[in-house]
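Next comes entry-v2.txt, with compact mmCIF, C-alpha atoms and all ligand atoms.
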# COMPACT_ATOMS: atom_id res chain seq x y z
CA MET G 1302 -18.90 14.19 11.08
CA LYS G 1303 -15.88 11.94 10.81
CA LYS G 1304 -12.65 13.95 10.80
CA ILE G 1305 -10.19 12.83 8.14
CA GLY G 1306 -6.52 13.51 7.45
CA ILE G 1307 -4.85 12.52 4.18
CA LEU G 1308 -1.14 11.77 3.91
CA GLY G 1309 -0.21 11.91 0.23
CA SER G 1310 -3.24 13.75 -1.16
CA THR G 1311 -1.70 14.38 -4.61
CA GLY G 1312 -1.18 10.69 -5.47
CA SER G 1313 -3.75 8.38 -6.99
CA ILE G 1314 -5.19 7.13 -3.65
CA GLY G 1315 -5.13 10.67 -2.23
CA LYS G 1316 -7.07 12.10 -5.19
CA ASN G 1317 -9.63 9.29 -4.96
CA THR G 1318 -9.99 9.93 -1.22
CA LEU G 1319 -10.74 13.61 -1.87
CA ASN G 1320 -13.31 12.52 -4.41
CA ILE G 1321 -15.01 10.31 -1.77
CA ILE G 1322 -14.95 13.16 0.76
CA GLU G 1323 -16.48 15.53 -1.80
CA SER G 1324 -19.30 13.05 -2.56
CA ASN G 1325 -19.98 12.62 1.17
CA SER G 1326 -19.42 16.15 2.45
CA ASP G 1327 -22.24 15.72 4.97
CA LYS G 1328 -20.36 12.83 6.62
CA PHE G 1329 -16.66 13.73 6.40
CA GLU G 1330 -14.64 16.75 7.43
CA LEU G 1331 -11.14 17.15 5.98
CA VAL G 1332 -8.63 18.30 8.62
CA TYR G 1333 -5.34 18.13 6.71
CA ILE G 1334 -3.68 17.16 3.46
CA THR G 1335 0.01 16.54 2.78
CA ALA G 1336 2.19 16.00 -0.29
CA LYS G 1337 5.81 15.24 -1.06
CA THR G 1338 6.60 17.66 -3.92
CA GLN G 1339 3.50 18.31 -6.04
CA VAL G 1340 2.89 21.81 -4.72
CA LYS G 1341 0.64 23.08 -7.53
CA LEU G 1342 -1.91 20.33 -7.07
CA LEU G 1343 -1.66 20.64 -3.29
CA ILE G 1344 -2.48 24.37 -3.55
CA GLU G 1345 -5.45 23.59 -5.80
CA GLN G 1346 -6.73 20.96 -3.35
CA ALA G 1347 -6.22 23.28 -0.36
CA LYS G 1348 -8.17 26.10 -2.03
CA LYS G 1349 -11.02 23.77 -2.89
CA PHE G 1350 -11.30 21.78 0.36
CA LYS G 1351 -10.02 24.38 2.86
CA PRO G 1352 -8.52 21.97 5.42
CA LYS G 1353 -7.10 23.33 8.70
CA PHE G 1354 -3.53 22.24 7.88
CA VAL G 1355 -1.51 21.71 4.71
CA VAL G 1356 1.97 20.16 4.77
CA ILE G 1357 4.54 19.80 2.01
CA ALA G 1358 7.58 17.54 2.57
CA ASP G 1359 9.76 19.43 0.10
CA GLU G 1360 10.96 22.49 2.06
CA ASP G 1361 11.84 24.36 -1.15
CA LYS G 1362 8.13 24.54 -1.98
CA TYR G 1363 7.12 26.06 1.37
CA SER G 1364 7.22 29.75 0.44
CA LEU G 1365 5.10 29.25 -2.68
CA LEU G 1366 2.56 27.18 -0.73
CA LYS G 1367 2.49 29.71 2.11
CA SER G 1368 1.98 32.73 -0.15
CA GLU G 1369 -0.69 31.03 -2.29
CA LEU G 1370 -2.71 30.12 0.80
CA SER G 1371 -2.04 33.32 2.77
CA LYS G 1372 -5.59 34.64 2.37
CA LEU G 1373 -7.13 31.44 3.74
CA ASP G 1374 -7.37 30.31 7.34
CA ILE G 1375 -4.96 27.41 6.78
CA GLN G 1376 -1.86 26.57 8.76
CA VAL G 1377 0.99 25.74 6.38
CA MET G 1378 3.96 23.56 7.33
CA SER G 1379 6.87 21.88 5.58
CA GLY G 1380 9.36 19.05 6.02
CA TYR G 1381 9.06 15.31 6.44
CA ASP G 1382 9.09 15.66 10.26
CA SER G 1383 5.95 17.81 10.07
CA ILE G 1384 4.24 15.05 8.10
CA VAL G 1385 5.21 12.48 10.73
CA GLU G 1386 3.97 14.83 13.45
CA ILE G 1387 0.62 15.63 11.86
CA ALA G 1388 -0.08 11.91 11.37
CA GLY G 1389 -0.41 11.75 15.16
CA LEU G 1390 -2.90 14.65 15.40
CA LYS G 1391 -5.50 13.43 17.87
CA GLU G 1392 -8.40 15.57 16.66
CA VAL G 1393 -8.49 13.39 13.53
CA ASP G 1394 -10.67 10.26 13.69
CA ILE G 1395 -8.95 8.48 10.84
CA VAL G 1396 -5.82 9.17 8.82
CA VAL G 1397 -5.57 7.86 5.26
CA ASN G 1398 -1.92 6.87 4.81
CA ALA G 1399 -1.42 7.04 1.05
CA ILE G 1400 2.30 7.81 1.13
CA VAL G 1401 4.36 5.80 -1.36
CA GLY G 1402 6.93 3.32 -0.04
CA SER G 1403 8.98 3.14 3.15
CA LYS G 1404 8.51 6.88 3.89
CA GLY G 1405 4.99 5.90 5.01
CA MET G 1406 6.25 3.91 7.98
CA LEU G 1407 7.07 6.70 10.47
CA PRO G 1408 3.71 8.47 9.95
CA SER G 1409 2.01 5.11 10.68
CA VAL G 1410 4.09 4.83 13.86
CA SER G 1411 3.03 8.35 14.82
CA ALA G 1412 -0.68 7.54 14.33
CA CYS G 1413 -0.35 4.27 16.28
CA LYS G 1414 1.37 6.04 19.19
CA ASN G 1415 -1.45 8.57 19.43
CA GLY G 1416 -4.46 6.29 19.10
CA VAL G 1417 -5.46 7.64 15.66
CA ASP G 1418 -7.15 5.06 13.42
CA ILE G 1419 -5.45 4.42 10.09
CA ALA G 1420 -6.98 3.69 6.67
CA LEU G 1421 -3.83 2.07 5.34
CA SER G 1422 -2.86 2.22 1.71
CA ASN G 1423 0.85 2.26 2.56
CA LYS G 1424 1.38 -1.53 2.79
CA GLU G 1425 5.14 -0.98 3.27
CA SER G 1426 4.39 0.19 6.86
CA LEU G 1427 3.13 -3.26 7.77
CA VAL G 1428 5.75 -5.14 5.75
CA MET G 1429 8.56 -3.32 7.54
CA ALA G 1430 7.12 -2.78 10.99
CA GLY G 1431 3.91 -4.83 11.32
CA ASP G 1432 4.69 -6.34 14.74
CA TYR G 1433 5.94 -3.03 16.10
CA LEU G 1434 2.90 -1.09 14.81
CA TYR G 1435 0.47 -3.59 16.32
CA SER G 1436 2.27 -3.49 19.68
CA LEU G 1437 1.80 0.30 19.70
CA ALA G 1438 -1.79 0.04 18.46
CA LYS G 1439 -2.65 -2.39 21.23
CA LYS G 1440 -1.60 0.17 23.84
CA SER G 1441 -3.13 3.24 22.19
CA GLY G 1442 -6.33 1.72 20.77
CA THR G 1443 -5.48 2.54 17.14
CA LYS G 1444 -7.32 0.39 14.62
CA ILE G 1445 -5.75 -0.29 11.23
CA PHE G 1446 -8.24 -0.60 8.35
CA PRO G 1447 -7.09 -1.86 4.94
CA VAL G 1448 -7.41 0.27 1.81
CA ASP G 1449 -5.58 -2.22 -0.43
CA SER G 1450 -8.36 -3.76 -2.56
CA GLU G 1451 -7.46 -7.40 -1.76
CA HIS G 1452 -7.36 -6.78 1.97
CA SER G 1453 -10.54 -4.74 1.87
CA ALA G 1454 -12.17 -7.71 0.14
CA ILE G 1455 -11.00 -10.12 2.85
CA TRP G 1456 -12.08 -7.69 5.56
CA GLN G 1457 -15.55 -7.48 4.01
CA CYS G 1458 -15.75 -11.29 3.70
CA ILE G 1459 -14.91 -11.92 7.38
CA GLN G 1460 -17.49 -9.51 8.82
CA GLY G 1461 -19.61 -11.46 11.30
CA GLU G 1462 -17.40 -14.58 11.05
CA LYS G 1463 -15.41 -16.21 13.86
CA GLU G 1464 -11.63 -16.13 13.51
CA GLN G 1465 -11.31 -19.87 14.25
CA ASN G 1466 -13.60 -20.70 11.33
CA ILE G 1467 -11.29 -19.18 8.72
CA GLN G 1468 -9.53 -21.93 6.75
CA LYS G 1469 -7.55 -19.73 4.37
CA LEU G 1470 -7.31 -16.36 2.70
CA ILE G 1471 -7.14 -16.40 -1.10
CA LEU G 1472 -5.49 -13.25 -2.44
CA THR G 1473 -6.17 -12.60 -6.10
CA GLY G 1474 -3.66 -10.89 -8.37
CA SER G 1475 -4.05 -9.79 -11.98
CA GLY G 1476 -0.61 -11.15 -12.89
CA GLY G 1477 0.35 -7.73 -14.24
CA PRO G 1478 1.36 -6.82 -17.80
CA PHE G 1479 3.78 -9.77 -18.25
CA LEU G 1480 1.53 -12.65 -17.30
CA ASN G 1481 1.68 -14.07 -20.83
CA ARG G 1482 5.10 -12.76 -21.89
CA ASP G 1483 7.82 -15.30 -22.63
CA LEU G 1484 10.35 -15.47 -19.79
CA LYS G 1485 13.18 -15.44 -22.38
CA SER G 1486 12.43 -11.79 -23.20
CA PHE G 1487 12.04 -10.56 -19.61
CA ALA G 1488 15.52 -8.99 -19.64
CA ASP G 1489 14.39 -6.70 -22.50
CA ILE G 1490 11.42 -5.28 -20.57
CA THR G 1491 11.51 -1.47 -20.65
CA VAL G 1492 10.20 0.96 -18.04
CA ASN G 1493 7.35 1.90 -20.37
CA ASP G 1494 6.39 -1.77 -20.84
CA ALA G 1495 6.32 -2.25 -17.07
CA LEU G 1496 4.27 0.89 -16.44
CA LYS G 1497 1.36 -0.40 -18.55
CA HIS G 1498 -0.87 -2.17 -16.05
CA PRO G 1499 -3.79 -3.95 -17.75
CA ASN G 1500 -6.50 -3.08 -15.16
CA TRP G 1501 -5.44 -0.61 -12.51
CA SER G 1502 -4.31 2.98 -12.84
CA MET G 1503 -1.78 3.56 -10.04
CA GLY G 1504 1.46 5.32 -9.13
CA LYS G 1505 4.80 4.24 -10.64
CA LYS G 1506 6.22 2.32 -7.68
CA ILE G 1507 3.23 0.02 -7.20
CA THR G 1508 2.83 -0.42 -10.97
CA ILE G 1509 6.39 -1.76 -11.26
CA ASP G 1510 5.77 -3.92 -8.16
CA SER G 1511 2.72 -5.34 -9.93
CA ALA G 1512 4.82 -6.12 -13.01
CA THR G 1513 7.39 -8.08 -10.95
CA MET G 1514 4.57 -9.42 -8.73
CA MET G 1515 6.47 -8.18 -5.68
CA ASN G 1516 3.26 -6.28 -4.97
CA LYS G 1517 1.47 -9.59 -4.35
CA GLY G 1518 4.37 -10.72 -2.16
CA LEU G 1519 4.15 -7.55 -0.07
CA GLU G 1520 0.38 -8.10 0.14
CA ILE G 1521 0.88 -11.59 1.62
CA ILE G 1522 2.97 -10.04 4.39
CA GLU G 1523 0.38 -7.25 4.76
CA ALA G 1524 -2.42 -9.85 5.11
CA TYR G 1525 -0.37 -11.81 7.66
CA HIS G 1526 -0.28 -8.73 9.92
CA LEU G 1527 -3.74 -7.29 9.25
CA PHE G 1528 -5.62 -10.54 9.84
CA ASN G 1529 -3.16 -12.16 12.28
CA ILE G 1530 -3.14 -15.37 10.27
CA PRO G 1531 -0.31 -17.88 9.71
CA GLN G 1532 1.48 -17.78 6.37
CA GLU G 1533 0.39 -21.34 5.48
CA LYS G 1534 -3.19 -20.10 5.42
CA ILE G 1535 -2.57 -17.41 2.79
CA GLU G 1536 -2.77 -18.38 -0.88
CA VAL G 1537 -2.35 -16.46 -4.13
CA VAL G 1538 -4.39 -17.10 -7.25
CA ILE G 1539 -3.97 -15.26 -10.54
CA HIS G 1540 -7.19 -13.70 -11.76
CA PRO G 1541 -6.45 -11.46 -14.78
CA GLN G 1542 -9.78 -9.58 -14.82
CA SER G 1543 -9.39 -8.09 -11.29
CA ILE G 1544 -13.10 -8.40 -10.57
CA ILE G 1545 -12.90 -10.77 -7.59
CA HIS G 1546 -10.71 -8.74 -5.25
CA SER G 1547 -9.99 -11.67 -2.90
CA MET G 1548 -11.71 -14.56 -1.14
CA VAL G 1549 -11.94 -16.30 2.21
CA GLU G 1550 -12.44 -20.04 2.61
CA PHE G 1551 -14.05 -21.26 5.83
CA ILE G 1552 -13.65 -24.63 7.61
CA ASP G 1553 -16.97 -25.89 6.18
CA SER G 1554 -15.48 -25.33 2.66
CA SER G 1555 -17.67 -22.31 1.98
CA VAL G 1556 -15.83 -19.62 0.01
CA LYS G 1557 -16.86 -15.96 0.21
CA ALA G 1558 -15.64 -13.53 -2.42
CA GLN G 1559 -15.92 -9.77 -2.77
CA LEU G 1560 -16.45 -8.45 -6.29
CA GLY G 1561 -16.31 -5.01 -7.83
CA LEU G 1562 -14.84 -3.03 -10.69
CA PRO G 1563 -11.10 -2.34 -10.42
CA ASP G 1564 -11.62 1.09 -8.86
CA MET G 1565 -9.95 2.09 -5.58
CA LYS G 1566 -12.84 4.36 -4.61
CA LEU G 1567 -14.82 1.46 -3.13
CA PRO G 1568 -12.09 0.15 -0.77
CA ILE G 1569 -11.21 3.73 0.25
CA GLN G 1570 -14.85 4.57 0.95
CA TYR G 1571 -15.41 1.34 2.89
CA ALA G 1572 -12.39 2.04 5.13
CA LEU G 1573 -13.89 5.47 5.88
CA SER G 1574 -17.54 4.43 6.21
CA TYR G 1575 -16.93 1.22 8.21
CA PRO G 1576 -18.93 -0.29 9.88
CA ASP G 1577 -21.51 1.48 7.73
CA ARG G 1578 -21.74 1.56 3.92
CA PHE G 1579 -22.43 4.67 1.88
CA VAL G 1580 -24.09 4.99 -1.54
CA ALA G 1581 -21.57 4.66 -4.39
CA ASN G 1582 -20.88 7.73 -6.45
CA PHE G 1583 -18.94 5.58 -8.94
CA ASP G 1584 -19.75 2.84 -11.45
CA ASN G 1585 -21.40 -0.41 -10.40
CA LEU G 1586 -20.39 -3.87 -11.54
CA ASN G 1587 -22.46 -5.30 -14.40
CA LEU G 1588 -22.01 -9.08 -14.25
CA ALA G 1589 -23.78 -9.82 -17.55
CA LYS G 1590 -21.26 -7.60 -19.34
CA LEU G 1591 -18.32 -9.68 -18.12
CA LYS G 1592 -17.45 -12.40 -20.58
CA GLU G 1593 -15.43 -14.58 -18.24
CA LEU G 1594 -13.58 -14.79 -14.97
CA THR G 1595 -10.44 -16.94 -15.11
CA PHE G 1596 -7.97 -18.24 -12.53
CA PHE G 1597 -4.43 -19.66 -12.64
CA GLU G 1598 -1.64 -20.75 -10.31
CA PRO G 1599 1.13 -18.13 -9.98
CA ASN G 1600 4.33 -18.78 -11.97
CA TYR G 1601 7.26 -18.50 -9.53
CA GLU G 1602 9.89 -18.97 -12.25
CA LYS G 1603 8.70 -15.88 -14.10
CA PHE G 1604 8.07 -13.92 -10.94
CA PRO G 1605 10.84 -14.80 -8.42
CA SER G 1606 9.93 -11.72 -6.34
CA LEU G 1607 6.84 -13.53 -5.13
CA LYS G 1608 8.97 -16.41 -3.84
CA LEU G 1609 11.42 -14.00 -2.19
CA ALA G 1610 8.53 -12.39 -0.31
CA LEU G 1611 7.20 -15.76 0.84
CA ASN G 1612 10.67 -16.79 2.03
CA SER G 1613 11.19 -13.53 3.90
CA LEU G 1614 7.93 -13.97 5.75
CA LYS G 1615 8.87 -17.57 6.59
CA LEU G 1616 12.28 -16.46 7.91
CA GLY G 1617 10.56 -13.62 9.77
CA LYS G 1618 12.51 -11.27 12.07
CA THR G 1619 13.83 -8.36 9.98
CA TYR G 1620 13.94 -10.17 6.62
CA PRO G 1621 10.73 -8.45 5.40
CA VAL G 1622 12.38 -5.07 6.12
CA VAL G 1623 15.26 -6.01 3.82
CA LEU G 1624 12.87 -7.33 1.19
CA ASN G 1625 10.94 -4.08 1.14
CA VAL G 1626 13.84 -1.64 1.27
CA ALA G 1627 15.98 -3.47 -1.31
CA ASN G 1628 12.99 -3.83 -3.62
CA GLU G 1629 12.07 -0.16 -3.36
CA LEU G 1630 15.60 1.00 -4.19
CA ALA G 1631 15.89 -1.49 -7.05
CA VAL G 1632 12.52 -0.37 -8.47
CA TYR G 1633 13.64 3.27 -8.58
CA SER G 1634 16.96 2.22 -10.18
CA PHE G 1635 14.96 0.40 -12.84
CA ILE G 1636 12.72 3.47 -13.37
CA ASP G 1637 15.92 5.55 -13.80
CA ASN G 1638 17.18 3.04 -16.41
CA LYS G 1639 20.17 2.06 -14.26
CA ILE G 1640 19.34 -1.65 -14.06
CA LYS G 1641 17.34 -4.25 -15.99
CA PHE G 1642 13.88 -5.45 -15.02
CA THR G 1643 15.32 -8.88 -14.20
CA ASP G 1644 17.92 -7.29 -11.88
CA ILE G 1645 15.21 -6.20 -9.42
CA PRO G 1646 14.70 -9.64 -7.79
CA LYS G 1647 18.44 -10.39 -8.07
CA ILE G 1648 19.27 -7.31 -5.96
CA VAL G 1649 16.59 -8.18 -3.42
CA GLU G 1650 17.89 -11.74 -3.14
CA LYS G 1651 21.48 -10.56 -2.73
CA MET G 1652 20.49 -8.21 0.08
CA LEU G 1653 18.43 -10.90 1.83
CA ASN G 1654 21.41 -13.28 1.68
CA ARG G 1655 23.81 -10.86 3.35
CA HIS G 1656 21.38 -9.86 6.12
CA ASN G 1657 21.99 -10.56 9.81
CA PRO G 1658 18.46 -10.63 11.21
CA ILE G 1659 17.34 -8.98 14.44
CA GLU G 1660 14.65 -10.31 16.73
CA ASN G 1661 11.86 -7.99 18.01
CA ALA G 1662 13.30 -5.02 16.14
CA ASP G 1663 12.16 -1.58 17.28
CA ILE G 1664 11.80 1.36 14.94
CA ASP G 1665 15.45 2.47 15.31
CA ALA G 1666 16.71 -0.99 14.37
CA ILE G 1667 14.42 -0.98 11.32
CA LEU G 1668 15.67 2.48 10.26
CA ASP G 1669 19.29 1.32 10.72
CA ILE G 1670 18.67 -1.60 8.36
CA GLU G 1671 17.15 0.80 5.84
CA THR G 1672 20.21 3.07 6.03
CA ASP G 1673 22.61 0.15 5.74
CA ILE G 1674 20.94 -1.22 2.61
CA THR G 1675 20.65 2.23 1.05
CA ASN G 1676 24.38 2.85 1.61
CA TYR G 1677 25.40 -0.59 0.36
CA LEU G 1678 23.37 -0.35 -2.83
CA HIS G 1679 24.48 3.23 -3.44
CA TYR G 1680 28.14 2.31 -2.91
CA ASN G 1681 27.82 -0.63 -5.30
CA LYS G 1682 25.91 1.56 -7.79
CA LEU G 1683 22.85 -0.67 -7.63
CA GLY G 1684 20.42 1.71 -5.97
MG MG C 1701 -3.62 -4.51 -3.92

Spit out the file's structure as structure tokens when you get a sec.
Amino acid sequence: MKKIGILGSTGSIGKNTLNIIESNSDKFELVYITAKTQVKLLIEQAKKFKPKFVVIADEDKYSLLKSELSKLDIQVMSGYDSIVEIAGLKEVDIVVNAIVGSKGMLPSVSACKNGVDIALSNKESLVMAGDYLYSLAKKSGTKIFPVDSEHSAIWQCIQGEKEQNIQKLILTGSGGPFLNRDLKSFADITVNDALKHPNWSMGKKITIDSATMMNKGLEIIEAYHLFNIPQEKIEVVIHPQSIIHSMVEFIDSSVKAQLGLPDMKLPIQYALSYPDRFVANFDNLNLAKLKELTFFEPNYEKFPSLKLALNSLKLGKTYPVVLNVANELAVYSFIDNKIKFTDIPKIVEKMLNRHNPIENADIDAILDIETDITNYLHYNKLG
């Protein structure tokens, strides 16, 4: 039995992970689940799966959670610090980090310090602290497995291949809901428009990131860390159908692709079953039903966020931290109708331009940058 912990069990990745565990109850044992605020769903999940520990970040929800689970043999905790702490619980074989945004970074640090393997959905961890996390992982023996569909695809394509034979990674992106929208009307994009992703059903933050294509930019930085590959060898191609999840080109010009329906259950299950594969309890791909698979170059004029991400990775140091934090705050400002869709990349660019980078930043330096940007944007009523 593989012992699993889930950080963020009430979100879309968390719910899919529970679904995988339920379908493979002979192979997986659930040790803990955590949530930020969705206490009702967390209670429901705890009653059904009976993990050893349940943690809620929102302290105001503790008493309700505690009383609802009082008849069960479950240890109940609350507070963000408890989530960070439980992420390092050594009795777990693999922790699924499905926390949204920069709050996922410290739990990843905790797992890496304690030698706990991570099935990583929280790409922001790697964007902000990739070098630092891998330096910890090297000491502790933690392995980081991708859950992001593109990175899972690349990971599957490179199995059995030599690192020196990889020519380039080709990340596919759907292009989001505004692929064919006229740039002239981008300033009129509403939150509802941006929340309508054509293929994937996901949380709000990543759905907006997909609409600006910042998501693809963050994924380039994620791939750079996960596969230890130079930026020049990572390419993006737009593929609106989201059937080819990504590709790898080798030095002999052979290209391997991984295909599947746009359903996160497969990459989640693979991260948990690796190096094995388990029978799918979800739909299979039917190639004859697909009319066409198309590909385009990304449009940087329409999607400046993608360029900002590429530049931050090129500049290195702590620029990706700024990119991620400024983007996250701008995305939530847009969701709250405080700024326009087109202001998101403008805010990110502004924050990148005023940044004084730090070399070999440790976690405190990264957190200081986060605080500084949060204060600046709050003070200027931008975040
Ligand atoms: Mg992805």

Would you tabulate, counting all atoms listed in the file, all residues of chain G that have an atom at most 9 Å from an atom of ligand MG 1701 (chain C), showing the closest pair of atoms and their distance in Å to one decimal, sorted by chain then ascending number, as a Markdown table?
| residue | atom | partner | partner_atom | distance |
| --- | --- | --- | --- | --- |
| G:Ser1422 | CA | C:MG1701 | MG | 8.8 |
| G:Lys1424 | CA | C:MG1701 | MG | 8.9 |
| G:Val1448 | CA | C:MG1701 | MG | 8.4 |
| G:Asp1449 | CA | C:MG1701 | MG | 4.6 |
| G:Ser1450 | CA | C:MG1701 | MG | 5.0 |
| G:Glu1451 | CA | C:MG1701 | MG | 5.3 |
| G:His1452 | CA | C:MG1701 | MG | 7.3 |
| G:Thr1473 | CA | C:MG1701 | MG | 8.8 |
| G:Gly1474 | CA | C:MG1701 | MG | 7.8 |
| G:Ile1507 | CA | C:MG1701 | MG | 8.8 |
| G:Ser1511 | CA | C:MG1701 | MG | 8.8 |
| G:Asn1516 | CA | C:MG1701 | MG | 7.2 |
| G:Lys1517 | CA | C:MG1701 | MG | 7.2 |
| G:Glu1520 | CA | C:MG1701 | MG | 6.7 |
| G:His1546 | CA | C:MG1701 | MG | 8.4 |

*Rank G:Ala1581, G:Ile1552, G:Ile1636, G:Ile1334 by their smallest atom-to-atom distance to Asp1494 of chain G, using all atoms listed in the file, and report the top residue only.*
G:Ile1636

*What would the list of residues within 6 Å of (16.8, -3.8, 7.0) (file frame) look like as a VMD selection string, if only C-alpha atoms are what count?*
chain G and resid 1622 to 1623 1667 1670 to 1671

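With atom CA of Tyr1633 of chain G on one side and atom CA of His1526 of chain G on the other, the separation reads 26.1 Å.
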
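Of the residues listed (G:Pro1621, G:Asp1418, G:Pro1646, G:Ala1430), G:Pro1646 shows the shortest atom-to-atom separation from Met1514 of chain G; distances use all atoms listed in the file.
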